[in-house]
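Enquirer: Got a structure here, written out as structure tokens. Questions coming.
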Amino acid sequence: MVSEKSEQRIFQGIAASPGIVIGEVRVADRSRVVVVESSVSDDEIPAEIGRFHEALRRTKEDLLALKEQISRTRGAEHLYVIDTHLMILEDAMLTSGTIGCIEREKVNAEAALKRTLRKFKEFFEGIEDEYLRERSSDVETVVERILRNMLGKRHELLPETEGRVVIVAHDLSPADILQIDKEKVIGFVTDLGGRTSHTAIVARSLEIPAVVGLERITGEVSDGDPVIVDGAKGLVILNPDTETFRDYLRNKQFYEYRERELLKLRDLPSETPDGHRVLLKGNVEFLEEVPSIRKHGGEGIGLYRTEMLFLGRTAVPDEEEQFRAYVEVIRRMAPYPVTIRTLDVGGDKFVSDLNLEDELNPAMGLRAIRLSLRCPDLFKTQLRAILRASVEGKVKVFFPMISGVGEIRAAKSLFEEAKEELRRASVPFDENIEIGIMIETPSAVIIADLLAREVDFFSVGTNDLIQYSLAIDRTNEHLSHLYEPLHPAVLRSLKMVADAAHAAGISVCMCGEMAGEPTYLPILLGFGYDELSMNAVSIPKVKKILRRCSKSEAEVLAAKVLSFCTADEVESYLQSRIATRFSESFD
Ligand code: PEP
Ligand code: MG
């Protein structure tokens, strides 16, 4: 295993799925089909269009067969990926775009499809949201399948593997990942991809360690090279030397031991030693993530980001499609509750149906509830779908980016209209469905007492609240040192919001990334947060601290952190007090 000939080399990529694996490289040649462009005469156009339709038909057959295979081997919860690909295959922008291009430009079908793909990519590149931008790789995967069918090439499966290998590829589609035999493929590494790419999300849900976004790793490796993948740190170590190998062997054993220990907490109550309960829930974008929440002991979904249904397509999903998607998530999570957030996207960049204008400053533009209120039909369609799904389990609904009481009242009035429409049509729904809002703007913090009178619960979105309070773009890597969750302004805001909620007798949840940081648990407990919603793997880590920190101790700690002047002071206090006090819980 340890390399005797080659030098050890370390590559830093994006940590896509945690875990440490040690194995051998197996390079998967996922090179793209080469398309040769040729012109066609007017007479040949119908035949070219016919070839394109035939390739679409075969691709659909392939995808349906793959879906069948995956449902047998992996279970139904992973089929969403293939459904997305089937949806893309039927997208009018792709099909009509290609046919229009054959007719207008008089080029062969392959070239027309490639040109249409380029347009798709330009469309996706302008999207600021990383998650939505990543959907362009799904379109590329589908186009590659169509091209292979047009050129009579098989869509290669992953290489046959022996032993336990780490697949290294330029890119892998989520469908590739779903076909992986976990006994043989222990990890994967790719040139392309980001943390929120479908591929990374599927890898996390299947718990296969992965590092993505390494840019040129495929050019640096050969079959059989010894490799270590550290999926939590985003590191790939080629030809590890003896010392590194030994260190990682120890790290791996320790990591696996700690994971097993943490999972033992799964069925223990999430409560403090003095009997105070805090509900720990999971955040999801996809159906595939629900099993992981259950496995890690989450007591429901505290944030279901519904954006995923609207992305990578030119037309918004209709009520029926949304309804079916919500029902699936609710049924899988039952008997635990699901809190569904209404659409939080920026507008035309994602859904061309809406015909909105480009904005100079989209983070402060027509996003989230502002967009929903501007497009009441779109909003009511989603509300009806949520309401109809509400009879399938315990469902709550909440609105993102609220900045004033007027927005809540407008949203509630449309919600009432949606209910009335269902009543008139005798469609059942939960008449007592709770509604809440996200607190993620400074104005919402300042008037939290006024907002609390209007709703059943608050959920604090710290990702945006920090961005807007400190005026720091959450996606700008050059400003990341200024993006301070422990800034006194943020801490005071969190306390004010919790106090305002409790004074009005409503509950307060946190669903931003801060909720999943175990070191912050004593502060949030001390401020009185009733629920914390986070990525699934953080749930047992947070629970571990919760079960060791009494409410009274947390209140003292929380009061203390409010006395500091800078985030650095708070941080060093946390390091010296909390990390020491719970040292073994942070190992
Ligand atoms: C947040 O802003 O903290 C949040 C949970 O919402 P999102 O990350 O989806 O903007
Ligand atoms: Mg937000």
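Residues are referred to by chain and number: the chain letter is A, B, ... according to the order shown in the structure tokens, the number counts from 1 in that chain, and ligands are numbered separately from 1 in the order shown.
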Pick out the residues no farther than 8 Å from ligand 2, counting only C-alpha atoms and all ligand atoms, and list them as JSON, numbers by chain.
Expert: {"A": [344, 400, 401, 438, 440, 461, 462, 463, 464, 465, 512]}
Enquirer: With N, CA and C atoms retained, write the just-selected residues as a PDB file, in the first residue's frame.
Expert:
```pdb
ATOM      1  N   ASP A 344     -37.540  29.898  -2.176  1.00  0.00           N
ATOM      2  CA  ASP A 344     -36.524  30.909  -1.870  1.00  0.00           C
ATOM      3  C   ASP A 344     -35.520  30.980  -3.025  1.00  0.00           C
ATOM      4  N   PRO A 400     -39.655  32.544   3.781  1.00  0.00           N
ATOM      5  CA  PRO A 400     -38.279  33.043   3.905  1.00  0.00           C
ATOM      6  C   PRO A 400     -38.154  34.556   3.717  1.00  0.00           C
ATOM      7  N   MET A 401     -37.097  35.139   4.309  1.00  0.00           N
ATOM      8  CA  MET A 401     -36.694  36.530   4.053  1.00  0.00           C
ATOM      9  C   MET A 401     -37.752  37.571   4.387  1.00  0.00           C
ATOM     10  N   MET A 438     -39.043  32.881   8.595  1.00  0.00           N
ATOM     11  CA  MET A 438     -37.613  32.859   8.840  1.00  0.00           C
ATOM     12  C   MET A 438     -37.209  34.242   9.308  1.00  0.00           C
ATOM     13  N   GLU A 440     -34.188  36.365   9.135  1.00  0.00           N
ATOM     14  CA  GLU A 440     -32.868  36.401   8.501  1.00  0.00           C
ATOM     15  C   GLU A 440     -32.499  37.791   7.992  1.00  0.00           C
ATOM     16  N   GLY A 461     -32.587  31.992  10.323  1.00  0.00           N
ATOM     17  CA  GLY A 461     -31.666  31.580   9.257  1.00  0.00           C
ATOM     18  C   GLY A 461     -30.373  32.362   9.419  1.00  0.00           C
ATOM     19  N   THR A 462     -29.433  31.776  10.151  1.00  0.00           N
ATOM     20  CA  THR A 462     -28.215  32.542  10.455  1.00  0.00           C
ATOM     21  C   THR A 462     -27.336  32.758   9.222  1.00  0.00           C
ATOM     22  N   ASN A 463     -27.468  31.891   8.220  1.00  0.00           N
ATOM     23  CA  ASN A 463     -26.615  32.067   7.034  1.00  0.00           C
ATOM     24  C   ASN A 463     -26.862  33.445   6.422  1.00  0.00           C
ATOM     25  N   ASP A 464     -28.138  33.773   6.288  1.00  0.00           N
ATOM     26  CA  ASP A 464     -28.458  35.094   5.745  1.00  0.00           C
ATOM     27  C   ASP A 464     -28.410  36.180   6.815  1.00  0.00           C
ATOM     28  N   LEU A 465     -28.838  35.844   8.024  1.00  0.00           N
ATOM     29  CA  LEU A 465     -28.851  36.886   9.062  1.00  0.00           C
ATOM     30  C   LEU A 465     -27.440  37.460   9.272  1.00  0.00           C
ATOM     31  N   GLY A 512     -30.162  27.794  10.414  1.00  0.00           N
ATOM     32  CA  GLY A 512     -28.941  28.155   9.690  1.00  0.00           C
ATOM     33  C   GLY A 512     -27.806  27.243  10.139  1.00  0.00           C
TER      34      GLY A 512
END
```
Enquirer: Distance table requested - chain A against ligand 1, cut-off 10 Å, only C-alpha atoms and all ligand atoms: one row per qualifying residue with the closest atom pair and its distance in Å to one decimal, ordered by chain and rising residue number, as a Markdown table.
Expert:
```
| residue | atom | partner | partner_atom_place_in_ligand_line | distance |
| --- | --- | --- | --- | --- |
| A:Asp129 | CA | ligand 1 | 10 (O) | 9.6 |
| A:Asn283 | CA | ligand 1 | 5 (C) | 8.3 |
| A:Val284 | CA | ligand 1 | 9 (O) | 9.9 |
| A:Glu285 | CA | ligand 1 | 9 (O) | 9.3 |
| A:Gly302 | CA | ligand 1 | 5 (C) | 9.7 |
| A:Leu303 | CA | ligand 1 | 5 (C) | 7.3 |
| A:Tyr304 | CA | ligand 1 | 9 (O) | 9.1 |
| A:Arg305 | CA | ligand 1 | 9 (O) | 6.5 |
| A:Thr306 | CA | ligand 1 | 9 (O) | 9.5 |
| A:Glu307 | CA | ligand 1 | 9 (O) | 8.8 |
| A:Arg341 | CA | ligand 1 | 9 (O) | 9.1 |
| A:Leu343 | CA | ligand 1 | 9 (O) | 9.7 |
| A:Asp344 | CA | ligand 1 | 9 (O) | 7.1 |
| A:Val345 | CA | ligand 1 | 9 (O) | 9.1 |
| A:Ala368 | CA | ligand 1 | 10 (O) | 9.1 |
| A:Pro400 | CA | ligand 1 | 6 (O) | 7.6 |
| A:Met401 | CA | ligand 1 | 2 (O) | 8.2 |
| A:Met438 | CA | ligand 1 | 4 (C) | 8.0 |
| A:Ile439 | CA | ligand 1 | 2 (O) | 8.5 |
| A:Glu440 | CA | ligand 1 | 2 (O) | 6.1 |
| A:Thr441 | CA | ligand 1 | 2 (O) | 9.2 |
| A:Ser459 | CA | ligand 1 | 5 (C) | 8.4 |
| A:Val460 | CA | ligand 1 | 3 (O) | 6.6 |
| A:Gly461 | CA | ligand 1 | 3 (O) | 3.0 |
| A:Thr462 | CA | ligand 1 | 3 (O) | 4.0 |
| A:Asn463 | CA | ligand 1 | 3 (O) | 3.4 |
| A:Asp464 | CA | ligand 1 | 2 (O) | 3.8 |
| A:Leu465 | CA | ligand 1 | 2 (O) | 6.3 |
| A:Ile466 | CA | ligand 1 | 3 (O) | 8.3 |
| A:Gln467 | CA | ligand 1 | 2 (O) | 8.5 |
| A:Tyr468 | CA | ligand 1 | 2 (O) | 9.7 |
| A:Arg474 | CA | ligand 1 | 2 (O) | 9.5 |
| A:Met510 | CA | ligand 1 | 5 (C) | 8.0 |
| A:Cys511 | CA | ligand 1 | 5 (C) | 5.0 |
| A:Gly512 | CA | ligand 1 | 3 (O) | 3.4 |
| A:Glu513 | CA | ligand 1 | 3 (O) | 6.3 |
| A:Met514 | CA | ligand 1 | 3 (O) | 8.1 |
| A:Ala515 | CA | ligand 1 | 3 (O) | 9.3 |
| A:Ser533 | CA | ligand 1 | 5 (C) | 8.9 |
| A:Met534 | CA | ligand 1 | 5 (C) | 8.8 |
```
Enquirer: With only C-alpha atoms as the atoms that count, which of A:Val570, A:Met93, A:Ala579, A:Val397 lies nearest to Pro485 (chain A)?
Expert: A:Val570
Enquirer: So how far away is CA of Tyr529 (chain A) from CA of Leu491 (chain A), in Å?
Expert: 12.6 Å
Enquirer: According to DSSP computed on the backbone, where in region 325-431 of chain A is there strand (DSSP E)? Give the residues as a ChimeraX atom specification.
Expert: /A:338-341,395-399
Enquirer: Considering only C-alpha atoms, can you say which of A:Ile545, A:Ile217, A:Ala16, A:Ala489 comes closest to Gly231 (chain A)?
Expert: A:Ala16
Enquirer: If you count only C-alpha atoms, which residues fall within 12 Å of Ser413 (chain A), apart from same-chain ones fewer than 3 positions away, as a VMD selection string?
Expert: chain A and resid 373 376 379 to 380 383 406 to 410 416 to 420 454
Enquirer: Only all heavy atoms, please: the residues just picked out, written as a compact mmCIF listing (two decimals), in the first residue's frame.
Expert:
```txt
# COMPACT_ATOMS: atom_id res chain seq x y z
N LEU A 373 -44.73 37.02 -3.36
CA LEU A 373 -45.82 38.00 -3.29
C LEU A 373 -46.00 38.71 -4.64
O LEU A 373 -47.11 39.13 -4.99
CB LEU A 373 -45.56 39.02 -2.18
CG LEU A 373 -45.58 38.44 -0.76
CD1 LEU A 373 -45.24 39.51 0.27
CD2 LEU A 373 -46.93 37.82 -0.43
N PRO A 376 -48.42 35.96 -7.24
CA PRO A 376 -49.35 35.27 -6.34
C PRO A 376 -49.82 33.91 -6.86
O PRO A 376 -50.06 33.00 -6.07
CB PRO A 376 -50.54 36.23 -6.22
CG PRO A 376 -50.22 37.42 -7.01
CD PRO A 376 -48.88 37.30 -7.64
N PHE A 379 -47.20 31.43 -6.01
CA PHE A 379 -47.19 31.23 -4.57
C PHE A 379 -48.38 30.37 -4.12
O PHE A 379 -48.23 29.40 -3.38
CB PHE A 379 -47.24 32.61 -3.90
CG PHE A 379 -47.01 32.62 -2.41
CD1 PHE A 379 -46.06 31.79 -1.82
CD2 PHE A 379 -47.71 33.49 -1.59
CE1 PHE A 379 -45.83 31.81 -0.45
CE2 PHE A 379 -47.49 33.53 -0.22
CZ PHE A 379 -46.55 32.69 0.35
N LYS A 380 -49.56 30.73 -4.64
CA LYS A 380 -50.75 29.98 -4.20
C LYS A 380 -50.70 28.53 -4.67
O LYS A 380 -51.18 27.62 -3.99
CB LYS A 380 -52.03 30.67 -4.69
CG LYS A 380 -52.43 31.82 -3.78
CD LYS A 380 -53.91 32.12 -3.82
CE LYS A 380 -54.32 32.64 -5.17
NZ LYS A 380 -55.75 32.92 -5.27
N LEU A 383 -48.67 26.89 -2.14
CA LEU A 383 -49.38 26.78 -0.87
C LEU A 383 -50.46 25.70 -0.93
O LEU A 383 -50.64 24.92 0.02
CB LEU A 383 -50.00 28.13 -0.49
CG LEU A 383 -48.99 29.23 -0.17
CD1 LEU A 383 -49.70 30.57 0.06
CD2 LEU A 383 -48.15 28.87 1.07
N GLY A 406 -46.05 43.71 7.08
CA GLY A 406 -46.88 43.76 5.87
C GLY A 406 -46.72 42.51 5.02
O GLY A 406 -47.70 41.97 4.48
N GLU A 407 -45.48 42.04 4.91
CA GLU A 407 -45.24 40.83 4.09
C GLU A 407 -45.94 39.61 4.69
O GLU A 407 -46.49 38.80 3.97
CB GLU A 407 -43.73 40.56 4.00
CG GLU A 407 -43.02 41.44 3.00
CD GLU A 407 -41.50 41.35 3.16
OE1 GLU A 407 -41.03 40.99 4.25
OE2 GLU A 407 -40.80 41.67 2.20
N ILE A 408 -45.90 39.51 6.02
CA ILE A 408 -46.56 38.34 6.62
C ILE A 408 -48.06 38.42 6.36
O ILE A 408 -48.69 37.42 6.00
CB ILE A 408 -46.38 38.29 8.15
CG1 ILE A 408 -44.93 38.33 8.52
CG2 ILE A 408 -47.05 37.05 8.73
CD1 ILE A 408 -44.70 38.17 10.01
N ARG A 409 -48.60 39.62 6.54
CA ARG A 409 -50.06 39.73 6.37
C ARG A 409 -50.45 39.41 4.93
O ARG A 409 -51.44 38.72 4.68
CB ARG A 409 -50.53 41.12 6.77
CG ARG A 409 -50.36 41.31 8.27
CD ARG A 409 -51.09 42.52 8.79
NE ARG A 409 -50.91 42.62 10.23
CZ ARG A 409 -50.88 43.75 10.92
NH1 ARG A 409 -51.05 44.91 10.28
NH2 ARG A 409 -50.72 43.74 12.21
N ALA A 410 -49.64 39.89 3.98
CA ALA A 410 -49.94 39.60 2.57
C ALA A 410 -49.83 38.10 2.32
O ALA A 410 -50.67 37.49 1.64
CB ALA A 410 -48.98 40.37 1.67
N GLU A 416 -54.81 32.15 3.10
CA GLU A 416 -56.25 31.97 3.35
C GLU A 416 -56.99 31.73 2.03
O GLU A 416 -57.89 30.90 1.95
CB GLU A 416 -56.84 33.19 4.08
CG GLU A 416 -56.51 33.25 5.55
CD GLU A 416 -56.79 31.93 6.29
OE1 GLU A 416 -57.88 31.36 6.12
OE2 GLU A 416 -55.88 31.45 7.02
N GLU A 417 -56.59 32.47 1.00
CA GLU A 417 -57.24 32.26 -0.31
C GLU A 417 -57.02 30.83 -0.79
O GLU A 417 -57.93 30.18 -1.30
CB GLU A 417 -56.67 33.21 -1.37
CG GLU A 417 -57.21 34.62 -1.28
CD GLU A 417 -56.61 35.52 -2.35
OE1 GLU A 417 -56.27 35.03 -3.44
OE2 GLU A 417 -56.48 36.74 -2.07
N ALA A 418 -55.78 30.35 -0.62
CA ALA A 418 -55.47 28.98 -1.07
C ALA A 418 -56.33 27.98 -0.30
O ALA A 418 -56.88 27.03 -0.88
CB ALA A 418 -53.99 28.69 -0.86
N LYS A 419 -56.47 28.22 1.01
CA LYS A 419 -57.30 27.32 1.82
C LYS A 419 -58.75 27.34 1.32
O LYS A 419 -59.39 26.30 1.18
CB LYS A 419 -57.29 27.76 3.29
CG LYS A 419 -56.00 27.45 4.03
CD LYS A 419 -56.18 27.90 5.48
CE LYS A 419 -54.97 27.63 6.33
NZ LYS A 419 -55.08 28.22 7.66
N GLU A 420 -59.23 28.57 1.07
CA GLU A 420 -60.63 28.72 0.64
C GLU A 420 -60.87 27.99 -0.68
O GLU A 420 -61.89 27.32 -0.87
CB GLU A 420 -60.94 30.22 0.52
CG GLU A 420 -62.40 30.58 0.43
CD GLU A 420 -63.29 29.85 1.44
OE1 GLU A 420 -62.91 29.70 2.61
OE2 GLU A 420 -64.38 29.38 1.01
N GLU A 454 -47.87 37.63 14.85
CA GLU A 454 -48.52 37.25 13.60
C GLU A 454 -48.43 35.77 13.26
O GLU A 454 -49.11 35.28 12.38
CB GLU A 454 -47.88 38.02 12.42
CG GLU A 454 -47.90 39.53 12.57
CD GLU A 454 -49.28 40.12 12.24
OE1 GLU A 454 -50.00 39.50 11.46
OE2 GLU A 454 -49.59 41.19 12.81
```
Enquirer: Could you give me, as a PyMOL selection string, the residues within 8 Å of Lys551 (chain A), counting only C-alpha atoms and dropping anything in the same chain fewer than 2 positions from it?
Expert: chain A and resi 272+274+276+525-526+549+553-555
Enquirer: Which residue, A:Glu328, A:Glu48, A:Glu434, A:Asp473, has the smallest gap to Val455 (chain A) when you use only C-alpha atoms?
Expert: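 Once distances to Val455 (chain A) are computed over only C-alpha atoms, the minimum belongs to A:Glu434.
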Enquirer: Based on DSSP run over this structure's backbone, return all residues of region 98-256 of chain A in alpha helix (DSSP H), as a compact mmCIF listing (two decimals) with N, CA and C atoms, in the first residue's frame.
Expert:
```
# COMPACT_ATOMS: atom_id res chain seq x y z
N THR A 98 -33.14 22.16 -29.75
CA THR A 98 -32.31 21.39 -30.69
C THR A 98 -32.99 21.30 -32.06
N ILE A 99 -34.27 21.01 -32.06
CA ILE A 99 -34.97 20.89 -33.35
C ILE A 99 -34.94 22.23 -34.09
N GLY A 100 -35.18 23.31 -33.33
CA GLY A 100 -35.15 24.65 -33.94
C GLY A 100 -33.77 24.92 -34.54
N CYS A 101 -32.74 24.49 -33.85
CA CYS A 101 -31.37 24.73 -34.32
C CYS A 101 -31.09 23.93 -35.60
N ILE A 102 -31.59 22.68 -35.66
CA ILE A 102 -31.39 21.89 -36.90
C ILE A 102 -32.06 22.63 -38.07
N GLU A 103 -33.27 23.12 -37.81
CA GLU A 103 -34.03 23.77 -38.89
C GLU A 103 -33.41 25.10 -39.32
N ARG A 104 -33.03 25.88 -38.32
CA ARG A 104 -32.52 27.22 -38.60
C ARG A 104 -31.10 27.22 -39.13
N GLU A 105 -30.25 26.50 -38.39
CA GLU A 105 -28.82 26.55 -38.70
C GLU A 105 -28.41 25.50 -39.73
N ALA A 109 -27.82 16.78 -36.15
CA ALA A 109 -28.51 16.77 -34.86
C ALA A 109 -27.51 16.84 -33.68
N GLU A 110 -26.36 16.15 -33.79
CA GLU A 110 -25.38 16.17 -32.69
C GLU A 110 -24.91 17.60 -32.43
N ALA A 111 -24.58 18.30 -33.54
CA ALA A 111 -24.07 19.67 -33.39
C ALA A 111 -25.17 20.57 -32.82
N ALA A 112 -26.40 20.37 -33.29
CA ALA A 112 -27.50 21.20 -32.79
C ALA A 112 -27.70 20.97 -31.30
N LEU A 113 -27.58 19.73 -30.88
CA LEU A 113 -27.75 19.42 -29.46
C LEU A 113 -26.62 20.07 -28.64
N LYS A 114 -25.40 20.01 -29.15
CA LYS A 114 -24.27 20.62 -28.46
C LYS A 114 -24.46 22.13 -28.33
N ARG A 115 -24.95 22.75 -29.41
CA ARG A 115 -25.17 24.21 -29.36
C ARG A 115 -26.25 24.55 -28.32
N THR A 116 -27.27 23.70 -28.28
CA THR A 116 -28.34 23.96 -27.30
C THR A 116 -27.78 23.80 -25.89
N LEU A 117 -26.91 22.82 -25.72
CA LEU A 117 -26.28 22.62 -24.41
C LEU A 117 -25.49 23.87 -24.00
N ARG A 118 -24.79 24.46 -24.98
CA ARG A 118 -24.02 25.67 -24.67
C ARG A 118 -24.93 26.77 -24.14
N LYS A 119 -26.11 26.90 -24.77
CA LYS A 119 -27.06 27.94 -24.31
C LYS A 119 -27.50 27.64 -22.89
N PHE A 120 -27.78 26.38 -22.63
CA PHE A 120 -28.17 25.96 -21.28
C PHE A 120 -27.09 26.37 -20.29
N LYS A 121 -25.83 26.12 -20.68
CA LYS A 121 -24.73 26.38 -19.76
C LYS A 121 -24.59 27.87 -19.49
N GLU A 122 -24.76 28.67 -20.54
CA GLU A 122 -24.67 30.12 -20.33
C GLU A 122 -25.75 30.57 -19.35
N PHE A 123 -26.91 29.98 -19.54
CA PHE A 123 -28.06 30.29 -18.69
C PHE A 123 -27.75 29.95 -17.22
N PHE A 124 -27.12 28.78 -17.02
CA PHE A 124 -26.80 28.34 -15.66
C PHE A 124 -25.64 29.14 -15.06
N GLU A 125 -24.67 29.53 -15.92
CA GLU A 125 -23.50 30.21 -15.39
C GLU A 125 -23.85 31.54 -14.72
N GLU A 130 -25.03 28.67 -5.76
CA GLU A 130 -24.13 27.59 -6.14
C GLU A 130 -24.90 26.31 -6.43
N TYR A 131 -25.89 26.04 -5.59
CA TYR A 131 -26.64 24.81 -5.73
C TYR A 131 -27.34 24.74 -7.10
N LEU A 132 -27.99 25.84 -7.46
CA LEU A 132 -28.71 25.85 -8.74
C LEU A 132 -27.73 25.77 -9.90
N ARG A 133 -26.58 26.48 -9.76
CA ARG A 133 -25.59 26.47 -10.83
C ARG A 133 -25.11 25.04 -11.12
N GLU A 134 -25.00 24.27 -10.04
CA GLU A 134 -24.50 22.90 -10.19
C GLU A 134 -25.43 22.03 -11.04
N SER A 136 -26.38 22.45 -13.87
CA SER A 136 -25.97 22.40 -15.26
C SER A 136 -25.26 21.08 -15.53
N SER A 137 -24.62 20.48 -14.52
CA SER A 137 -23.93 19.21 -14.76
C SER A 137 -24.95 18.10 -15.01
N ASP A 138 -26.15 18.21 -14.43
CA ASP A 138 -27.18 17.21 -14.72
C ASP A 138 -27.59 17.28 -16.19
N VAL A 139 -27.71 18.53 -16.71
CA VAL A 139 -28.09 18.68 -18.11
C VAL A 139 -26.99 18.07 -18.99
N GLU A 140 -25.72 18.34 -18.64
CA GLU A 140 -24.61 17.77 -19.42
C GLU A 140 -24.65 16.26 -19.44
N THR A 141 -24.96 15.67 -18.30
CA THR A 141 -25.01 14.20 -18.23
C THR A 141 -26.08 13.66 -19.17
N VAL A 142 -27.24 14.32 -19.18
CA VAL A 142 -28.33 13.84 -20.03
C VAL A 142 -27.96 14.01 -21.51
N VAL A 143 -27.36 15.16 -21.83
CA VAL A 143 -26.97 15.40 -23.23
C VAL A 143 -25.95 14.35 -23.68
N GLU A 144 -25.03 14.02 -22.79
CA GLU A 144 -24.03 13.00 -23.11
C GLU A 144 -24.70 11.67 -23.44
N ARG A 145 -25.71 11.33 -22.67
CA ARG A 145 -26.45 10.09 -22.94
C ARG A 145 -27.12 10.13 -24.31
N ILE A 146 -27.75 11.28 -24.63
CA ILE A 146 -28.44 11.38 -25.93
C ILE A 146 -27.41 11.26 -27.05
N LEU A 147 -26.28 11.95 -26.88
CA LEU A 147 -25.25 11.91 -27.93
C LEU A 147 -24.74 10.49 -28.14
N ARG A 148 -24.51 9.78 -27.05
CA ARG A 148 -24.01 8.41 -27.18
C ARG A 148 -25.02 7.56 -27.93
N ASN A 149 -26.29 7.78 -27.65
CA ASN A 149 -27.31 7.00 -28.38
C ASN A 149 -27.34 7.38 -29.85
N MET A 150 -27.13 8.67 -30.12
CA MET A 150 -27.16 9.12 -31.51
C MET A 150 -25.99 8.53 -32.29
N PRO A 174 -24.70 11.69 -10.75
CA PRO A 174 -25.33 11.05 -9.58
C PRO A 174 -25.72 9.62 -9.90
N ALA A 175 -26.13 9.38 -11.18
CA ALA A 175 -26.50 8.01 -11.54
C ALA A 175 -25.30 7.08 -11.43
N ASP A 176 -24.11 7.57 -11.79
CA ASP A 176 -22.90 6.76 -11.63
C ASP A 176 -22.73 6.36 -10.17
N ILE A 177 -22.90 7.35 -9.30
CA ILE A 177 -22.69 7.10 -7.88
C ILE A 177 -23.68 6.05 -7.37
N LEU A 178 -24.92 6.15 -7.88
CA LEU A 178 -25.93 5.21 -7.41
C LEU A 178 -25.62 3.79 -7.87
N GLN A 179 -24.83 3.64 -8.94
CA GLN A 179 -24.50 2.30 -9.42
C GLN A 179 -23.29 1.71 -8.70
N HIS A 198 -25.40 17.62 -7.13
CA HIS A 198 -26.21 16.42 -6.88
C HIS A 198 -25.32 15.25 -6.47
N THR A 199 -24.19 15.14 -7.20
CA THR A 199 -23.28 14.03 -6.97
C THR A 199 -22.80 14.04 -5.51
N ALA A 200 -22.43 15.20 -5.02
CA ALA A 200 -21.96 15.30 -3.64
C ALA A 200 -23.08 14.96 -2.66
N ILE A 201 -24.27 15.42 -2.98
CA ILE A 201 -25.40 15.17 -2.07
C ILE A 201 -25.71 13.67 -2.01
N VAL A 202 -25.70 13.03 -3.18
CA VAL A 202 -25.97 11.59 -3.20
C VAL A 202 -24.86 10.85 -2.46
N ALA A 203 -23.61 11.27 -2.65
CA ALA A 203 -22.49 10.63 -1.95
C ALA A 203 -22.69 10.74 -0.44
N ARG A 204 -23.10 11.92 0.02
CA ARG A 204 -23.32 12.08 1.47
C ARG A 204 -24.44 11.18 1.94
N SER A 205 -25.52 11.10 1.13
CA SER A 205 -26.64 10.29 1.61
C SER A 205 -26.29 8.81 1.61
N LEU A 206 -25.38 8.40 0.71
CA LEU A 206 -24.96 6.99 0.71
C LEU A 206 -23.76 6.78 1.62
N THR A 242 5.22 6.45 4.65
CA THR A 242 4.89 5.52 5.75
C THR A 242 4.26 6.25 6.93
N GLU A 243 4.84 7.41 7.24
CA GLU A 243 4.34 8.14 8.41
C GLU A 243 2.88 8.59 8.21
N THR A 244 2.62 9.18 7.02
CA THR A 244 1.25 9.64 6.74
C THR A 244 0.29 8.45 6.75
N PHE A 245 0.75 7.37 6.14
CA PHE A 245 -0.10 6.18 6.08
C PHE A 245 -0.49 5.73 7.49
N ARG A 246 0.51 5.67 8.37
CA ARG A 246 0.23 5.22 9.75
C ARG A 246 -0.71 6.19 10.46
N ASP A 247 -0.43 7.51 10.27
CA ASP A 247 -1.30 8.52 10.91
C ASP A 247 -2.73 8.33 10.45
N TYR A 248 -2.90 8.14 9.14
CA TYR A 248 -4.26 8.03 8.61
C TYR A 248 -4.94 6.74 9.03
N LEU A 249 -4.16 5.70 9.16
CA LEU A 249 -4.75 4.46 9.63
C LEU A 249 -5.35 4.67 11.02
N ARG A 250 -4.58 5.39 11.85
CA ARG A 250 -5.07 5.70 13.21
C ARG A 250 -6.28 6.62 13.14
N ASN A 251 -6.17 7.69 12.30
CA ASN A 251 -7.29 8.64 12.16
C ASN A 251 -8.56 7.94 11.71
N LYS A 252 -8.36 7.02 10.79
CA LYS A 252 -9.52 6.32 10.22
C LYS A 252 -10.19 5.47 11.29
N GLN A 253 -9.36 4.76 12.05
CA GLN A 253 -9.95 3.92 13.11
C GLN A 253 -10.68 4.79 14.11
N PHE A 254 -10.04 5.92 14.44
CA PHE A 254 -10.65 6.80 15.42
C PHE A 254 -11.96 7.40 14.88
N TYR A 255 -11.92 7.83 13.62
CA TYR A 255 -13.11 8.43 13.00
C TYR A 255 -14.26 7.42 13.02
N GLU A 256 -13.95 6.19 12.65
CA GLU A 256 -15.01 5.18 12.56
C GLU A 256 -15.54 4.82 13.95
```
Enquirer: Go through A:Glu7, A:Glu207, A:Glu320, A:Glu259 and flag the residue nearest Ser292 (chain A), using only C-alpha atoms for the distances.
Expert: A:Glu207
Enquirer: With distances taken over only C-alpha atoms, which residue among A:Leu279, A:Leu371, A:Val542, A:Ala385 lies nearest Pro337 (chain A)?
Expert: A:Leu279
Enquirer: For each of A:Val278, A:Leu378, A:Val168, A:Val405, take the minimum atom-to-atom distance to Leu524 (chain A), counting only C-alpha atoms, then give the residue where this is smallest.
Expert: A:Val278
Enquirer: Within 12 Å of Leu287 (chain A), counting only C-alpha atoms, which residues show up once you throw out same-chain ones fewer than 5 positions away? Write them as a PyMOL selection string, please.
Expert: chain A and resi 75-81+83+198+201-202+205+292-293+301+304-306+308-309+324-333+338
Enquirer: Give me the residues within 9 Å of Val508 (chain A) as a ChimeraX atom specification, counting only C-alpha atoms and dropping any in the same chain fewer than 2 places off.
Expert: /A:457-460,497-498,501-502,506,510,528-532
